[in-house]
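Asks: For reference, the structure I am asking about is given below.
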Amino acid sequence: MADKIGSFALVLHSHLPYVLSHGRWPHGADWLTEAASESYVRLLDVLYRLVRDGRSPKVTIGVTPVLAEQLADESFVYEFTNYLQAKIDATEPDRQHFEREAPEIAPLADYWRDHYSGIFGRFRRDYNRSIIGALRDLQDAGHIEIITSGATHGYFPLLSQDTSIQAQVKQGVAVYRRFFGREPKGFWLPECAYRPRYIWAFPVSPEGRSAIPYLRKGVEEFLAENGLRYFFIESHLLKGGEALGVYADRFEALKRLWDEFEKHHVPHADDKSEHRPYWVAGQGKFGPVAVFARDGKTGSQVWSAAHGYPGDERYLEFHKKHFPGGHRYWRVTGSESGLGDKLAYDPDRAAEQVSSHAGHFHWLVKSALQEYKDRYGRPGIICAPFDTELFGHWWFEGTEWLYQALKLIADDPGIDLCTCSEYLDLNPPTEAVALPEGSWGEGGFHWIWLNQRTLWSWKLIYDAEAEIQELATFPNEGLTGRLVRQAARELLLLQSSDWQFNISTQNSTDYAESRIKEHYRSFKRLADLARKAVAGKPLDDLEADFLETCEERNPLFPDIDPQWFAGLEHPAETDNG
């Protein structure tokens, strides 16, 4: 590292909620197949292309357990191949339509036919119909590092029981071990949502249950207990966490959470840089866990449609589609232009701008690392976490941009392109930090997930969380075991942070609300049937059919262990060593 100005670690977070067997279009399995065709397969193309070029991409890739389960499901292969064929078939009527109505656009139909045909062929031929298998091969060859996350992307700070966080983490580790044949080193906190240890008060009282404040463990403690070495946060948490803004004034339940947290948090007065990792000053008896913070300057260039690369007028317009095929034929054109004013997309012009933006990003990374080294007298790291789905799906040209940007950085002798665990092996943290509570969400706190529109959902979750602790004491065998395990699956699916996010952003609100209600009703009925079974009473035909239907619709997590919900392996009151 003596001749290096610093390191660069690209982190991609891949996640979708469980949608198999829960509808297809407009909300359902098409979410998954669209993301797979526009982002996941094209990301594999980028990574394998870099390897063929003689460069190791060294990308840290998070695959949430719930996404891994779906991508490995045989029904996904069926859905995906049908989806791709439908996209290919739609190009011919598109071409005929535009030849009559807009001849300048008609050639793009052939572009999309070739594009989706190529994805179809590479998925079958190059990746053997297995996105997970292709990622595993890259990791086994040392080219990438795959990390895990919470089982269903549950929002950790708002779950009412520490046993729920324990189950989310342990299931995440179990899924990773099953699919990738090794122990995970890194963990993506769902929604980058962190909560330290303190006496926590319920923001919402569950119906018919007491809600007494109690000492809860810091999130990092659960990671340490399971051998996980590092996680990620937004930079405002490193700077002191004063990012709540006006949201506490909007919603009393949110203000109660913040007030309770402030009683126990002592903010740091010294300057902390997001260009180096830190140990998290946890209180558990296991070893410390490292944390990386997102670099804001490089992040905004990639994230922001208003000020960053994706908003360039030459790039493909995401929001305007031609139906019934759903292909896009227009470019961004301008920030002020309405959908009716969009001009025809030109792939060649867009490709020229990709090269320019990749070069600019390389310069931005190099400048930031040099500035850090000049200030602190030592090399630092830029950690650049993004959602995988940004590249290819939201920003069509993003995958080609990834290839060119990584190629430039890999070829720069002054920058060490690395995975996060590789960096920690050579550069372990030398300082500890006590992090505040917060997330990446609007306002930096929990408002996106806890507000007047979502309040009702937390009452259901809290009720089910309390009830699963009783069910977890039942025998985990025979009919009773099947019922309890399926109830645990329904609870994990109920806890998905995606539902509240979609409600708050008014994106597929009806679908999200129906999924919350569906998983809660299924949980409650399975709980009743489990009590019936443990009492030695047989199920009638309708009850047996209901169990089988739930198992067929939500078959994920075959290795789920209800004991994770029964009690903490390492209670907060006794692990202060």
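Ordering of the structure tokens sets the chain letters (A, B, ...), residue numbers begin anew at 1 in every chain, and ligands are numbered from 1 in the order given.
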So that I can check the surroundings of stretch 279-290 of chain A, please list as number ranges by chain every protein, DNA and RNA residue that reaches within 9 Å of it, counting only C-alpha atoms and ignoring chain neighbours fewer than 2 positions away.
Replies: A: 196-197, 217-225, 227-232, 277, 292, 424, 428-435, 570, 572, 574-577
Asks: Would you save the residues of that selection, restricted to C-alpha atoms, as a PDB file, in the first residue's frame?
Replies:
```
ATOM      1  CA  PRO A 196     -27.596   0.482  19.428  1.00  0.00           C
ATOM      2  CA  ARG A 197     -28.182  -1.171  22.791  1.00  0.00           C
ATOM      3  CA  LYS A 217     -29.152  -5.400  22.280  1.00  0.00           C
ATOM      4  CA  GLY A 218     -27.323  -3.414  19.634  1.00  0.00           C
ATOM      5  CA  VAL A 219     -27.661  -4.750  16.116  1.00  0.00           C
ATOM      6  CA  GLU A 220     -23.901  -5.321  15.917  1.00  0.00           C
ATOM      7  CA  GLU A 221     -24.147  -7.825  18.787  1.00  0.00           C
ATOM      8  CA  PHE A 222     -26.262 -10.211  16.715  1.00  0.00           C
ATOM      9  CA  LEU A 223     -23.771  -9.971  13.871  1.00  0.00           C
ATOM     10  CA  ALA A 224     -20.794 -10.676  16.139  1.00  0.00           C
ATOM     11  CA  GLU A 225     -22.522 -13.686  17.695  1.00  0.00           C
ATOM     12  CA  GLY A 227     -19.298 -14.632  13.109  1.00  0.00           C
ATOM     13  CA  LEU A 228     -20.053 -11.671  10.833  1.00  0.00           C
ATOM     14  CA  ARG A 229     -17.208  -9.172  10.517  1.00  0.00           C
ATOM     15  CA  TYR A 230     -18.657  -5.990   9.027  1.00  0.00           C
ATOM     16  CA  PHE A 231     -21.710  -4.055   7.877  1.00  0.00           C
ATOM     17  CA  PHE A 232     -22.572  -0.706   6.258  1.00  0.00           C
ATOM     18  CA  PRO A 277     -13.709   1.719   8.689  1.00  0.00           C
ATOM     19  CA  PHE A 292     -18.056   1.004   6.542  1.00  0.00           C
ATOM     20  CA  LEU A 424     -10.119  -5.356   6.590  1.00  0.00           C
ATOM     21  CA  PRO A 428      -8.109  -3.423  10.448  1.00  0.00           C
ATOM     22  CA  PRO A 429      -9.793  -0.451  12.160  1.00  0.00           C
ATOM     23  CA  THR A 430      -7.849   1.390  14.830  1.00  0.00           C
ATOM     24  CA  GLU A 431     -10.750   3.355  16.319  1.00  0.00           C
ATOM     25  CA  ALA A 432     -14.134   2.486  17.806  1.00  0.00           C
ATOM     26  CA  VAL A 433     -17.303   4.508  17.351  1.00  0.00           C
ATOM     27  CA  ALA A 434     -20.656   4.483  19.162  1.00  0.00           C
ATOM     28  CA  LEU A 435     -23.244   4.797  16.427  1.00  0.00           C
ATOM     29  CA  HIS A 570     -27.040 -14.473  24.585  1.00  0.00           C
ATOM     30  CA  ALA A 572     -28.556  -8.579  26.898  1.00  0.00           C
ATOM     31  CA  THR A 574     -25.850 -11.328  30.958  1.00  0.00           C
ATOM     32  CA  ASP A 575     -23.352 -10.724  28.127  1.00  0.00           C
ATOM     33  CA  ASN A 576     -21.457  -7.658  29.312  1.00  0.00           C
ATOM     34  CA  GLY A 577     -18.113  -9.448  29.334  1.00  0.00           C
TER      35      GLY A 577
END
```
Asks: At a cut-off of 7 Å, can you tabulate as a Markdown table every residue of stretch 110-190 of chain A near stretch 69-80 of chain A together with its closest atom pair and the distance in Å to one decimal, using only C-alpha atoms and ordering rows by chain then number?
Replies:
```
| residue | atom | partner | partner_atom | distance |
| --- | --- | --- | --- | --- |
| A:Arg129 | CA | A:Val77 | CA | 6.9 |
| A:Ser130 | CA | A:Ala72 | CA | 6.9 |
| A:Ile131 | CA | A:Leu71 | CA | 6.8 |
| A:Ile132 | CA | A:Ala72 | CA | 6.6 |
```
Asks: Keeping C-alpha atoms, export the residues of the selection given above as an mmCIF file, in the first residue's frame.
Replies:
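Output file selection_33.cif follows:
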```
data_model
loop_
_atom_site.group_PDB
_atom_site.id
_atom_site.type_symbol
_atom_site.label_atom_id
_atom_site.label_comp_id
_atom_site.auth_asym_id
_atom_site.auth_seq_id
_atom_site.Cartn_x
_atom_site.Cartn_y
_atom_site.Cartn_z
ATOM 1 C CA ARG A 129 -29.928 -21.278 -15.783
ATOM 2 C CA SER A 130 -28.559 -20.412 -12.340
ATOM 3 C CA ILE A 131 -27.771 -16.847 -11.328
ATOM 4 C CA ILE A 132 -26.850 -18.052 -7.847
#
```
Asks: For A:Leu84, work out the shell of residues within 10 Å, counting only C-alpha atoms and skipping chain neighbours fewer than 6 positions away, then give it as a list in words.
Replies: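 Returned residues: Thr33, Glu34, Ser37, Ala90, Arg113, Tyr116, Ser117, Gly118, Ile119 and Phe120 of chain A.
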Asks: Work out how far apart atom CA of A:Phe318 and atom CA of A:Arg100 are and give it in Å to one decimal.
Replies: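 If I compute the distance from atom CA of A:Phe318 to atom CA of A:Arg100, I get 23.9 Å.
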Asks: Please identify all polymer residues within 8 Å of A:Gly150, counting only C-alpha atoms, omitting same-chain residues fewer than 2 positions from it, and present them as a list in words.
Replies: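 Answer for this query is Thr64, Pro65, Thr148, Thr152, His153, Gly154, Ile165, Gln168, Val169, Gln171, Gly172, Trp188, Leu189 and Pro190 of chain A.
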Asks: Could you jot down the atom CA of A:Ser367 to atom CA of A:Cys383 separation for me, Å, one decimal place?
Replies: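 Separation between atom CA of A:Ser367 and atom CA of A:Cys383: 14.3 Å.
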Asks: Can you pull out every residue within 10 Å of A:Leu215, counting only C-alpha atoms, but drop anything in the same chain fewer than 4 positions away, and send it as a list in words?
Replies: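 Returned residues: Asp162, Arg197, Tyr198, Ile199, Trp200, Ala201, Pro571, Ala572 and Glu573 of chain A.
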Asks: Under the rule that only C-alpha atoms are counted, which of A:Ala344, A:Val302, A:Leu237, A:Leu67 is the nearest residue to A:Lys272?
Replies: A:Leu237
Asks: May I ask which of the residues A:Arg122, A:Arg525, A:Trp303, A:Lys58 is the closest one to A:Thr388, counting only C-alpha atoms?
Replies: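 For A:Thr388, the nearest of the candidates is A:Trp303.
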